[in-house]
Every structure is written in structure tokens, then in C-alpha cells.
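These notes are about the structure you will find just below.
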Amino acid sequence: MKTTKHITQLAIMAGIALCTVACEDWLDMPSETKYDSSSIFVSPEKAEMAVLGAYASSYHNDLNYRLVSGTDECRSTETNSKYQLAQYEHDAANVPDGVYTTMYTTVERANSCIKGISTMDIDDPKVALLLGEAYALRAWAYFNAVRFWGDVPFQLLPTIDADSYELPRYPRDEIYDQCVEDLQKAADLLPWKDEAGIPSERFSKNAALGILARVALHAAGYSLRWDLSATPYANAQLAKRPDAARITELYTIARNACKRVMDEGGNLLLDSYDQIYRDLATKKYNRETIWEFGMYGASQTDKSPGYTSGTTMPANTVYAKSGPLIAPIPTLYFDYDSLDQRRDVSICNMPVTLEGGALMARMSTYAAIKIGKYRVTWKSDNLYGDGRANISMPLLRYSDVLLMFAEADNELSGAPTAAAKEAYEKVRTRAFRSNSNLIGSTPTDKDGFFSALVKERKLELCFEGAALRRTDLVRWGIHYETLRAEADRMVRLGNATGEYANIWKYASYKPMVMDKLEHPAIAIQAHGYYQAKPTPQDSAALAGEGYEVADLCAGFFTTADKTTLENWVADFFTGVTKHKTELMPFSNAMMNDNPMIREQQHPGYR
């Protein structure tokens, strides 16, 4: 099923635009009388406007920008404080607080919606749907706050009903448990996506169950913890919650939630991996993307997908201008098998430059690869001009559900069951265009299967899910070890040693003219690969046939400026510190807004 986003999308975004203004005024309303049922929650239509306002604040561009970089899949290309953040040189002055602020705006709006809609006729399917969305949005917002900051302020009442505007840290396990409860309520209230024709920008039962699985896996996993009852805080340790029975229950919740989505049958894997992202760029729905954040419309100002997280594109062309500020870490390219269709979709090897009035794509070096999933060349229009890609952000896909099911089932069973292996192999087989002979052997032991899932989630979901990789590494308890190993891999790649000793150094190819929207190209294909630079005679012969030769290793240690480049690689993840950088500190602005947390700073940043 593929549906073009026209009237429905315009209605959603118009509702968000109208309600954003209204909802921003809620905190300043003088009395409950002017705010509550007498003015807003009197009809499903007005209540829907309030719920759409909560959606509007449920995403922040750092979830597809600054918080994506600094992993084993993505790096920052900047040289300022944003680069320092990717290297884990955190402090209260440079840590971004946009995600925190927007998530608490969503909490406030969701709390208000839950209170108001609960007074309405819940037997009305429309009202039940809106209440389900409000519960899901509250859970989503608290989930994002907890996974980046740990124990955070917690409130289930609208501000107007609260005893205090200032709240201290609250135990994260209890917040996670509330998120689980909220998502379970949401899943009970919401209809299936296909059953009710719910657009992918809004919560359906499918989306609520998928996010429930994600939250439950985080709640069952590792987190940086310290004693909230002893201040100043000290002795932070990476650990799971102490209740082993609850951990088992959470894995069971995750597995069962995924299985419900799998059994319902409304979602599937598309045959062509690139079609997922072409649909995001051309305003179409499909059966793989379960939930996304819509970036369409004149009121949408976030330009991260396709701009800061995309490919390079000059201004004033048929495409929107894009200026990437994050990029794949070069080792990611070599993590893929050369026959894996996901490699050239996820990683773009064809930067575009303007040459004599023509847009030309040439083959990239390994050091200059860019994120390919959100490329402006796949768009169907350029209605809003430069800097406005209007490419939606995928927050949950069916492949993620399959991999979460396999992970939870493996954990509960102590080894990969036939069902877990089948879910994992579905994702692997699609990657090789349904050729199961190419997917390799699936591990049969628990630890081996878990390691395979860790890698597969990177290959399948890189740059997606709202900075998913960063907190996946933390919940698995391998954040520090993975990043230190990644820095060492970068050194080996730069020196072409170890597993990178025989990488191709040069390639011949034909440049490509980029002259139309919805361009079919995925990658520039090489005519030939070479270990040594082609001789002048060979290069001349290639040029006579229209081929150019790319130095694929330019920008690594094979160049003359070895010291500078060694320092660049050595600088990767310099600040990463076990039992510290798994969570971010509160920023100065966050502490100024809520003095209750000023004495509750992360112990590693006091």
C-alpha cells in the first residue's frame, strides 16, 4: 500500500500550525475555567486540535543532528562546540537542551489532553483514539528525557494543577514503568493503522506497540545510576535496575508487543531498501514505515533531515540546498557487504558540485562520504526553496520491530529460537534482495546472536529512530567499549592496516549529470577498482572513454599531511569516559529554569 500525502497531510500540518500557537498560550492562562472543558475539550474536533499541538513539540532537530553524531555510525563534521559534543567533551555550557525543553512541552500538552479528554465520552471511538495518542505522546516525551538524562523531573498533572512549578529528579525506573503503562493504555485505545486509515505521522496501535517494545528494552537495560537519596551525588555506575523479575517482565512485554505487530500483518518489509526513503522524500506512505515525524508544509522550520543530515547540494538549483554537518563514520562503509543494498542507500558516495551551470556528481573519497537516506535528489518538488528539504524523519519501521522481537526473545530464551532467527533473517534477506544464500550463518548461541543483532541494527537503522544508536549502546552496556574500539578501527583504516589492509585505493568511474527531481541514481558505480594508482598511460586511456580516476583514500594517512590526519583520527571520542558520558549533564539553562535540579547535577559534571 502506497498513499500520497496530500489532503490528509495538509490537514494535519494546518492543525499543528494553528494549535501550536494556542498551546503555547496554555501555560499563561489565568484559570482552569478558561482552559479546560468549557473551551477546548467539548468536542472531538477541538480536542483533536489540542492533541495535534502535542505532536508539534514531540520532535527536535537534535534528534536527527547533534545527538546522532558521536557513535560507531556517525560523526560531526563541524569544528565548534557541536563537534565537542560528538567527542563527548560535555559540560553544562555546551550540552544541547532543545530536546529536553521540547519533550517537557510535549509532557505538559499531553497531561492537559489526558485530563481534558478523560472527561469526554470515551465510548466514542474518535475520543478513545485521541486519548490513546495523548498517552503515547507523554510516554514518548518522558522516554526521550530519561534515555539522555537519566532521573529527571516527573509530573503527571498539567502545570495548572501542580503544587509546584519546580520539581526535583525522580527515579528513572518509575518513570520508565509509567511510560510502559501509558503505552499499554494507548495500545488498548488505538485502532490498527490500516483499520482506521491512520497516517504515519500519528500514533496507531502498531506504533504504540513498537514504541512500547523500545521503551521496555531500554527500561530493562543498562543505565548510568547513582543514589538519589545521597547528595551530592557520587559513585555513578552503569547497571540495570535491581529487580530481576521486573527485567524479565519488561523483556516479555517487549517481545509480546512486537509479536502483536508481526501477527497483525499490516506491516511488511519493502523489497527495495531505497524505496523507504524515496517515499519519505516524495510524501508517500508505505507499509514498512510505521511512525514518522512529518516535515512538510510552510510552517515546518526543522530542516535537519536532508540538510544537516544529508548530502551536499549547492544553492539555487532544481533541488533544495543542503549543507551536511554530520556524516557517516568512514568505517561504516566497510561494515556492509558489497552486495548489501543498504550500503549505497545509507551512505552516499556521489557529492554534487555546480560546474559551468551543470550539476555534476563525482565519486566520493572514503573520508568524504555523506548520509544518503535523506538526499534531496530523491524529492518530488522544491516548493519552499533552499534549506527546506521537507523530508520526513522515520521514527519506527517494521524492520526495527523484527529486530527488537529477536533481541527480546533471545534474552528470554537463553538462545535464539526459530522465531527469533526467522525475524532476524527476514531483515538480512531483504538486505540482499531476497537471496538468502548471501546472508551468512546465523549464530546459534545467545551471545553470538546478540552480537549479530548489535551489528544488524547499525546496518539497518543507522541515522534513524531519533538518535537511536547512541542510547542503544548504553542500554546494552557497551557504549564506552564500542566507541574506544571504533577509534582504533579508524586508525587502522587510515593506515590501511589490519582488516583494511587490502581496501581499494583508487576507482575509475564516469561523472553523472544531476538534472531532475526524483533522480533514479543511488550511487556512482565504479568501472574498475585498483590497489595502485593507474599509470599515466592507463589514466589517459580511461579518460579517452570518459572515465575519471578517484583517489578513494584522499583525506586519510596516505596523503602527505600525515600528522594532521593522525591527530584528526586520534581526536575521535576523546572525552568518552565510562561511568560518566553515558548520560548528559543538565545544561545551565535547564538548571536556571528549574533551581530544584541545580544541586542535582550529574555527579560526573559537578
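Quick note on naming: the chains in the C-alpha cells go A, B, ... in the order shown, residues restart at 1 in each chain, and ligands are numbered from 1 in order of appearance.
Look at segment 451-460 of chain A: the protein and nucleic acid residues within 9 Å of it, using only C-alpha atoms and passing over chain neighbours fewer than 4 places away, are Asp72, Glu73, Leu332, Asp335, Tyr336, Arg342, Arg343, Ser346, Ser399, Asp400, Leu403, Met404, Ala406, Glu407, Tyr424, Val427, Arg428, Ala431, Thr442, Pro443, Lys446, Asp447, Arg469, Asp472, Leu473 and Trp476 of chain A.
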Which polymer residues have any atom within 9 Å of an atom of Tyr176 of chain A, counting only C-alpha atoms, with same-chain residues fewer than 4 positions away left out, as a tab-separated table (two decimals) with all heavy atoms, in the first residue's frame?
```
chain	number	residue	atom	x	y	z
A	139	ALA	N	4.36	9.30	26.99
A	139	ALA	CA	5.38	8.26	27.16
A	139	ALA	C	6.59	8.54	26.27
A	139	ALA	O	7.75	8.40	26.70
A	139	ALA	CB	4.79	6.89	26.84
A	142	TYR	N	8.70	11.49	27.83
A	142	TYR	CA	9.48	11.10	29.02
A	142	TYR	C	10.58	10.10	28.65
A	142	TYR	O	11.68	10.15	29.22
A	142	TYR	CB	8.56	10.52	30.09
A	142	TYR	CG	7.99	11.55	31.03
A	142	TYR	CD1	6.63	11.61	31.29
A	142	TYR	CD2	8.82	12.47	31.67
A	142	TYR	CE1	6.10	12.56	32.16
A	142	TYR	CE2	8.31	13.41	32.54
A	142	TYR	CZ	6.94	13.47	32.78
A	142	TYR	OH	6.44	14.42	33.64
A	143	PHE	N	10.31	9.22	27.73
A	143	PHE	CA	11.31	8.26	27.27
A	143	PHE	C	12.54	8.99	26.75
A	143	PHE	O	13.69	8.64	27.07
A	143	PHE	CB	10.70	7.37	26.19
A	143	PHE	CG	11.69	6.55	25.42
A	143	PHE	CD1	12.46	5.58	26.03
A	143	PHE	CD2	11.83	6.74	24.04
A	143	PHE	CE1	13.37	4.82	25.30
A	143	PHE	CE2	12.73	5.98	23.31
A	143	PHE	CZ	13.50	5.02	23.95
A	146	VAL	N	14.48	10.63	29.68
A	146	VAL	CA	15.18	9.69	30.56
A	146	VAL	C	16.37	9.06	29.87
A	146	VAL	O	17.44	8.89	30.47
A	146	VAL	CB	14.20	8.59	31.04
A	146	VAL	CG1	14.94	7.48	31.76
A	146	VAL	CG2	13.15	9.19	31.97
A	171	PRO	N	13.11	8.98	40.26
A	171	PRO	CA	13.75	7.72	39.85
A	171	PRO	C	13.33	7.28	38.45
A	171	PRO	O	12.14	7.15	38.14
A	171	PRO	CB	13.27	6.72	40.91
A	171	PRO	CG	12.96	7.56	42.10
A	171	PRO	CD	12.42	8.84	41.56
A	172	ARG	N	14.32	7.03	37.62
A	172	ARG	CA	14.04	6.71	36.22
A	172	ARG	C	13.26	5.42	36.05
A	172	ARG	O	12.47	5.30	35.11
A	172	ARG	CB	15.35	6.62	35.43
A	172	ARG	CG	16.16	5.36	35.70
A	172	ARG	CD	17.57	5.50	35.23
A	172	ARG	NE	18.25	6.51	36.02
A	172	ARG	CZ	19.52	6.88	35.81
A	172	ARG	NH1	20.20	6.34	34.84
A	172	ARG	NH2	20.09	7.79	36.56
A	180	VAL	N	5.72	2.67	30.19
A	180	VAL	CA	5.20	1.36	29.77
A	180	VAL	C	3.69	1.30	29.98
A	180	VAL	O	2.93	0.88	29.09
A	180	VAL	CB	5.91	0.22	30.54
A	180	VAL	CG1	5.19	-1.10	30.37
A	180	VAL	CG2	7.36	0.11	30.08
A	181	GLU	N	3.24	1.74	31.14
A	181	GLU	CA	1.80	1.73	31.43
A	181	GLU	C	1.04	2.63	30.46
A	181	GLU	O	-0.03	2.25	29.95
A	181	GLU	CB	1.57	2.19	32.87
A	181	GLU	CG	0.10	2.19	33.29
A	181	GLU	CD	-0.10	2.67	34.71
A	181	GLU	OE1	0.82	2.49	35.55
A	181	GLU	OE2	-1.18	3.22	35.01
A	215	VAL	N	10.74	1.16	24.53
A	215	VAL	CA	10.82	1.66	25.91
A	215	VAL	C	11.11	0.52	26.88
A	215	VAL	O	11.95	0.65	27.79
A	215	VAL	CB	9.52	2.39	26.30
A	215	VAL	CG1	9.51	2.72	27.79
A	215	VAL	CG2	9.36	3.67	25.47
A	216	ALA	N	10.45	-0.62	26.70
A	216	ALA	CA	10.65	-1.75	27.61
A	216	ALA	C	12.08	-2.28	27.53
A	216	ALA	O	12.67	-2.63	28.56
A	216	ALA	CB	9.66	-2.87	27.27
A	218	HIS	N	14.76	-0.50	26.76
A	218	HIS	CA	15.59	0.48	27.48
A	218	HIS	C	15.40	0.34	28.98
A	218	HIS	O	16.36	0.42	29.74
A	218	HIS	CB	15.24	1.90	27.04
A	218	HIS	CG	15.95	2.35	25.80
A	218	HIS	ND1	15.58	1.91	24.54
A	218	HIS	CD2	17.00	3.19	25.62
A	218	HIS	CE1	16.38	2.47	23.64
A	218	HIS	NE2	17.23	3.24	24.26
A	219	ALA	N	14.16	0.15	29.42
A	219	ALA	CA	13.89	0.03	30.85
A	219	ALA	C	14.52	-1.21	31.45
A	219	ALA	O	14.86	-1.24	32.64
A	219	ALA	CB	12.37	0.02	31.08
```
Show which residues sit within 8 Å of segment 252-265 of chain A, as a ChimeraX atom specification. Count only C-alpha atoms, and ignore same-chain residues fewer than 3 positions away. /A:206,209-210,212-214,216-217,248-249,268,401-402,404-406,408-409,412
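Of the listed residues A:Lys505, A:Lys115, A:Lys580, A:Lys193, the one whose atoms come nearest to Val549 of chain A is A:Lys505, with distances taken using only C-alpha atoms.
Every residue of segment 292-368 of chain A found in strand (DSSP E) when DSSP is run on the backbone appears here: Glu292, Phe293, Ile326, Ala327, Pro328, Ile347, Cys348, Val352, Thr353, Leu354, Glu355, Ala358, Leu359, Met360 and Ala361 of chain A.
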Write out as a list in words which residues come within 7 Å of segment 377-394 of chain A when counting only C-alpha atoms, dropping same-chain ones fewer than 3 positions away. Arg278, Leu280, Ala281, Thr282, Thr289, Trp291, Glu292, Phe293, Gly294, Met295, Tyr296, Lys303, Pro305, Gly306, Tyr307, Ala315, Asn316, Tyr319, Ala320, Lys321, Ser322, Tyr374, Glu464, Gly465, Leu517, Glu518 and His519 of chain A
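Atom pair atom CA of Tyr83 of chain A / atom CA of Leu325 of chain A: separated by 9.3 Å.
When only C-alpha atoms are used to compute distances to Glu411 of chain A, the closest of the residues A:Asp344, A:Met490, A:Tyr251, A:Thr308 turns out to be A:Tyr251.
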Close residues, Val51 of chain A itself excluded, 9 Å, only C-alpha atoms, min 6 positions apart in chain, as a list in words: Ile16, Cys19, Arg109, Ala110, Cys113, Leu130, Leu131, Glu133, Ala134 and Leu137 of chain A
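Among the candidates A:Asp123, A:Glu599, A:Asp571, A:Asp91, the one nearest to Ser587 of chain A when counting only C-alpha atoms is A:Asp91.
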For Ser118 of chain A, which residue out of A:Leu461, A:Leu67, A:Ala47, A:Ala244 is the nearest one, using only C-alpha atoms? A:Ala47
